[in-house]
Every structure is written in C-alpha cells, then in structure tokens.
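Below is the file target-v3.csv, which contains CSV, C-alpha atoms.
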```csv
chain,number,residue,atom,x,y,z
A,1376,MET,CA,70.5,105.0,72.4
A,1377,ALA,CA,72.3,102.4,74.4
A,1378,SER,CA,75.4,102.2,72.1
A,1379,ARG,CA,75.7,106.0,71.9
A,1380,ARG,CA,75.3,106.6,75.7
A,1381,ALA,CA,78.3,107.8,77.7
A,1382,ALA,CA,80.0,104.9,79.3
A,1383,LEU,CA,79.8,105.6,83.0
A,1384,LYS,CA,81.1,103.5,85.8
A,1385,ALA,CA,78.5,101.2,87.2
A,1386,ILE,CA,77.6,101.9,90.7
A,1387,ASP,CA,78.3,99.2,93.2
A,1388,TRP,CA,75.2,99.7,95.3
A,1389,MET,CA,76.1,97.0,97.8
A,1390,ALA,CA,79.5,98.6,98.6
A,1391,PHE,CA,77.8,102.0,98.7
A,1392,ALA,CA,75.1,100.7,101.1
A,1393,GLU,CA,77.8,99.4,103.5
A,1394,ARG,CA,79.1,102.9,103.9
A,1395,VAL,CA,75.8,104.6,104.5
A,1396,PRO,CA,75.2,105.4,108.2
A,1397,PRO,CA,71.9,104.2,109.7
A,1398,ASN,CA,70.4,107.7,110.1
A,1399,GLN,CA,70.9,108.3,106.3
A,1400,ARG,CA,69.5,105.0,105.1
A,1401,ALA,CA,66.2,106.6,104.0
A,1402,MET,CA,68.0,109.2,101.8
A,1403,PHE,CA,70.1,106.4,100.3
A,1404,ASN,CA,67.1,104.3,99.5
A,1405,ALA,CA,65.5,107.4,97.8
A,1406,LEU,CA,68.6,108.0,95.8
A,1407,LYS,CA,68.8,104.3,94.7
A,1408,THR,CA,65.1,104.4,93.7
A,1409,ARG,CA,65.5,107.6,91.7
A,1410,SER,CA,68.6,106.3,90.0
A,1411,ASP,CA,66.9,103.0,89.1
A,1412,ALA,CA,63.9,104.9,87.7
A,1413,LEU,CA,66.1,107.2,85.6
A,1414,SER,CA,68.1,104.2,84.3
A,1415,ALA,CA,65.0,102.3,83.4
A,1416,LYS,CA,63.6,105.4,81.6
A,1417,LEU,CA,66.9,105.9,79.7
A,1418,THR,CA,67.0,102.3,78.6
A,1419,SER,CA,63.4,102.3,77.4
A,1420,LEU,CA,64.2,105.1,75.0
A,1421,PRO,CA,65.1,104.2,71.4
A,1422,GLU,CA,68.7,104.5,70.3
A,1423,LYS,CA,67.7,107.1,67.7
A,1424,PRO,CA,64.7,109.3,67.9
A,1425,PRO,CA,61.9,108.5,65.4
A,1426,ALA,CA,62.4,110.2,62.0
A,1427,ILE,CA,60.0,113.1,61.3
A,1428,ASP,CA,57.8,112.5,58.3
A,1429,TRP,CA,58.3,115.8,56.5
A,1430,VAL,CA,56.3,114.8,53.5
A,1431,TYR,CA,53.2,114.3,55.6
A,1432,TYR,CA,53.6,117.8,57.2
A,1433,LYS,CA,54.1,119.4,53.8
A,1434,THR,CA,50.7,118.1,52.7
A,1435,ALA,CA,49.0,118.8,56.0
A,1436,VAL,CA,50.3,122.4,56.6
A,1437,ALA,CA,48.5,125.0,54.6
A,1438,LYS,CA,51.3,127.7,54.6
A,1439,ALA,CA,53.8,127.0,51.8
A,1440,GLY,CA,57.4,127.0,52.7
A,1441,MET,CA,56.9,126.8,56.5
A,1442,VAL,CA,57.6,123.0,56.7
A,1443,ASP,CA,60.7,123.5,54.5
A,1444,GLU,CA,62.0,126.2,56.8
A,1445,PHE,CA,61.4,124.0,59.9
A,1446,GLU,CA,63.1,121.1,58.2
A,1447,LYS,CA,66.1,123.2,57.2
A,1448,LYS,CA,66.4,124.6,60.8
A,1449,PHE,CA,65.9,121.1,62.3
A,1450,ASN,CA,68.7,119.6,60.2
A,1451,ALA,CA,71.0,122.5,61.0
A,1452,LEU,CA,70.4,122.1,64.7
A,1453,LYS,CA,73.4,120.5,66.5
A,1454,ILE,CA,73.1,120.0,70.2
A,1455,PRO,CA,76.5,120.0,71.7
A,1456,GLU,CA,77.4,117.3,74.2
A,1457,PRO,CA,78.9,118.6,77.5
A,1458,VAL,CA,82.7,118.4,77.7
A,1459,ASP,CA,84.2,116.6,80.6
A,1460,THR,CA,86.5,119.1,82.3
A,1461,GLN,CA,86.6,117.6,85.8
A,1462,THR,CA,87.9,114.0,85.2
A,1463,ASN,CA,91.5,115.2,84.8
A,1464,LYS,CA,91.3,117.2,88.0
A,1465,ILE,CA,89.8,114.3,89.9
A,1466,ASN,CA,92.5,111.9,88.5
A,1467,ALA,CA,95.2,114.4,89.6
A,1468,GLN,CA,93.7,114.6,93.1
A,1469,GLU,CA,93.4,110.9,93.2
A,1470,GLN,CA,97.1,110.4,92.3
A,1471,GLU,CA,98.1,113.1,94.8
A,1472,ALA,CA,96.0,111.3,97.5
A,1473,ALA,CA,97.6,108.0,96.6
A,1474,LYS,CA,101.0,109.5,96.8
A,1475,SER,CA,100.2,111.1,100.2
A,1476,ALA,CA,98.8,107.8,101.5
A,1477,ALA,CA,101.9,105.9,100.4
A,1478,GLU,CA,104.2,108.4,102.1
A,1479,TYR,CA,102.1,108.1,105.3
A,1480,VAL,CA,102.2,104.3,105.2
A,1481,GLN,CA,106.0,104.5,104.7
A,1482,ALA,CA,106.4,106.9,107.6
A,1483,SER,CA,104.1,104.7,109.7
A,1484,LYS,CA,106.2,101.7,109.0
A,1485,SER,CA,109.3,103.5,110.1
A,1486,ARG,CA,107.5,104.7,113.3
A,1487,ILE,CA,106.5,101.1,114.0
A,1488,VAL,CA,110.1,99.9,113.8
A,1489,GLN,CA,111.1,102.7,116.1
A,1490,TYR,CA,108.3,101.9,118.6
A,1491,GLU,CA,109.1,98.2,118.5
A,1492,LYS,CA,112.7,99.0,119.4
A,1493,GLU,CA,111.5,101.2,122.3
A,1494,LEU,CA,109.1,98.5,123.4
A,1495,GLU,CA,111.9,96.0,123.4
A,1496,LYS,CA,114.1,98.4,125.4
A,1497,LEU,CA,111.3,98.8,127.9
A,1498,GLY,CA,110.7,95.1,128.1
A,1499,THR,CA,114.3,94.3,128.9
A,1500,MET,CA,114.9,97.0,131.5
A,1501,ILE,CA,114.9,96.5,135.2
A,1502,PRO,CA,111.5,97.0,136.8
A,1503,PHE,CA,110.9,100.5,138.2
A,1504,ASP,CA,110.5,99.3,141.8
A,1505,GLN,CA,114.0,97.7,141.6
A,1506,MET,CA,115.8,100.7,140.0
A,1507,THR,CA,118.2,103.0,141.6
A,1508,PHE,CA,118.6,106.6,140.4
A,1509,GLU,CA,121.7,105.6,138.5
A,1510,ASP,CA,119.8,102.9,136.7
A,1511,LEU,CA,117.0,105.3,135.9
A,1512,ASN,CA,119.5,107.9,134.5
A,1513,GLU,CA,121.1,105.1,132.5
A,1514,VAL,CA,117.9,103.9,130.9
A,1515,PHE,CA,116.4,107.4,130.5
A,1516,PRO,CA,119.2,109.9,130.1
A,1517,GLU,CA,116.8,112.8,129.8
A,1518,THR,CA,116.1,112.4,133.6
A,1519,LYS,CA,119.7,113.0,134.6
A,1520,LEU,CA,120.1,116.3,136.4
A,1521,ASP,CA,123.2,118.5,135.6
A,1522,LYS,CA,124.1,119.8,139.0
A,1523,GLU,CA,127.4,121.2,137.9
A,1524,LYS,CA,126.0,123.3,135.0
A,1525,TYR,CA,122.8,124.2,137.0
A,1526,PRO,CA,123.8,124.1,140.7
A,1527,TYR,CA,120.4,125.3,142.0
A,1528,TRP,CA,117.3,123.3,142.1
A,1529,PRO,CA,115.6,122.2,139.6
A,1530,HIS,CA,119.1,121.7,138.1
A,1531,LYS,CA,117.9,122.4,134.5
A,1532,PRO,CA,116.9,125.5,132.6
A,1533,ILE,CA,113.5,127.0,133.4
A,1534,GLU,CA,112.5,126.8,129.7
A,1535,ASP,CA,112.8,122.9,129.8
A,1536,LEU,CA,110.4,122.6,132.7
```

Here is the file; what I need is its structure written in the form of structure tokens.
Amino acid sequence: MASRRAALKAIDWMAFAERVPPNQRAMFNALKTRSDALSAKLTSLPEKPPAIDWVYYKTAVAKAGMVDEFEKKFNALKIPEPVDTQTNKINAQEQEAAKSAAEYVQASKSRIVQYEKELEKLGTMIPFDQMTFEDLNEVFPETKLDKEKYPYWPHKPIEDL
C-alpha cells in the first residue's frame, strides 16, 4: 500500500515542537504518539489486500449462487477516494499572505528610512535646554503660533487642540 498511498508532506516534528508552548506540551506529545501509531499501522498493512479465494467459498457455502452474487457485487464495488478541494484555496491564501507580507516589509523599509532621517535631524539639532523659541519653531514648525490669524490665546483653532 506504500506506493499507492497519497504523498503527504512529512511532518517536521522538531520544528513543530519548538513552536508548542509549555502548557500544551502534553497535548503535543499525545498527538505525536497517535500519529506515530497510525503511521506504523499504515505501513504494516500490505500494499494490496489479500485476494479472496472464491473457489473455496463456492465449495464451502451450501446455497448455490450466493457466492457468485457476492463475487459479482464485490468486483463491482468501487470505493471513491476523496477529492482534494481545499489545497487550491490554501495555496491562494498562502499567496495572498505572502503578497501582504511583502507589501508590509516594503512599507516598513520606507518607514525605517523616514525614521532614520528624523533621527538624524534630532541628533543634529540644538539641545532643548539651549534652544530659544525661534529655534524651536524652526526645528518643529508645527509649534509655531499664528498670532495674526488667531489673535487670542491659544493662537490656533480649537479643533487642533
């Protein structure tokens, strides 16, 4: 049965074990034990089931035609193998996740460049304890108050507070 079995991906139990939290280790060990037992049972089975000796049953069964009927029904019996309908969906989700991850990495790289520029700007500016209000407004333009447009304190629109 080994050559006819569905070719499934082998489970990397070591990598799987690294990701299992300590409080779920017992469940993981039970899963691995059960999987190993099922794999051993599956490999112990022959590739093809043993052939039925119809001649023996024809001589041993008293009712005539009963064995012929069973043989005909047995030979006509076709057990369908399940059709894999989920692999394509999973592959599509995997591609979508990879695309999303690549976009996130690209956006993160652009943010890193922006933050490095900002960090360089902060590293080269005058220390805060030595700054005047003019220096502060020059380095951080958003702190400048527009006293002409908004003559009353707080010198900016209430919505911006």

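Going from atom CA of A:Pro1516 to atom CA of A:Pro1529 covers 16.0 Å.
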
### Message
Taking 3 positions as the minimum chain separation for residues in the same chain, which residues sit within 12 Å of stretch 1385-1391 of chain A when counting all atoms listed in the file? Answer as an MDAnalysis selection string.
### Response
chainID A and resid 1381:1382 1394:1396 1400 1403:1404 1406:1408 1410:1411 1414

### Message
I'd like to know which of A:Trp1429, A:Leu1497, A:Lys1464, A:Gln1399 is closest to A:Leu1511, using all atoms listed in the file.
### Response
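Ranked by minimum distance to A:Leu1511, first place goes to A:Leu1497.
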
### Query
atom CA of A:Glu1495 and atom CA of A:Val1514 are how many Å apart?
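The value is 12.4 Å.
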
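In this structure, atom CA of A:Phe1449 sits 10.0 Å away from atom CA of A:Ile1427.
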
### Message
For a quick check of understanding, using only C-alpha atoms, which of A:Glu1517, A:Glu1422, A:Asp1504, A:Glu1471 has the smallest distance to A:Asp1535?
### Response
A:Glu1517
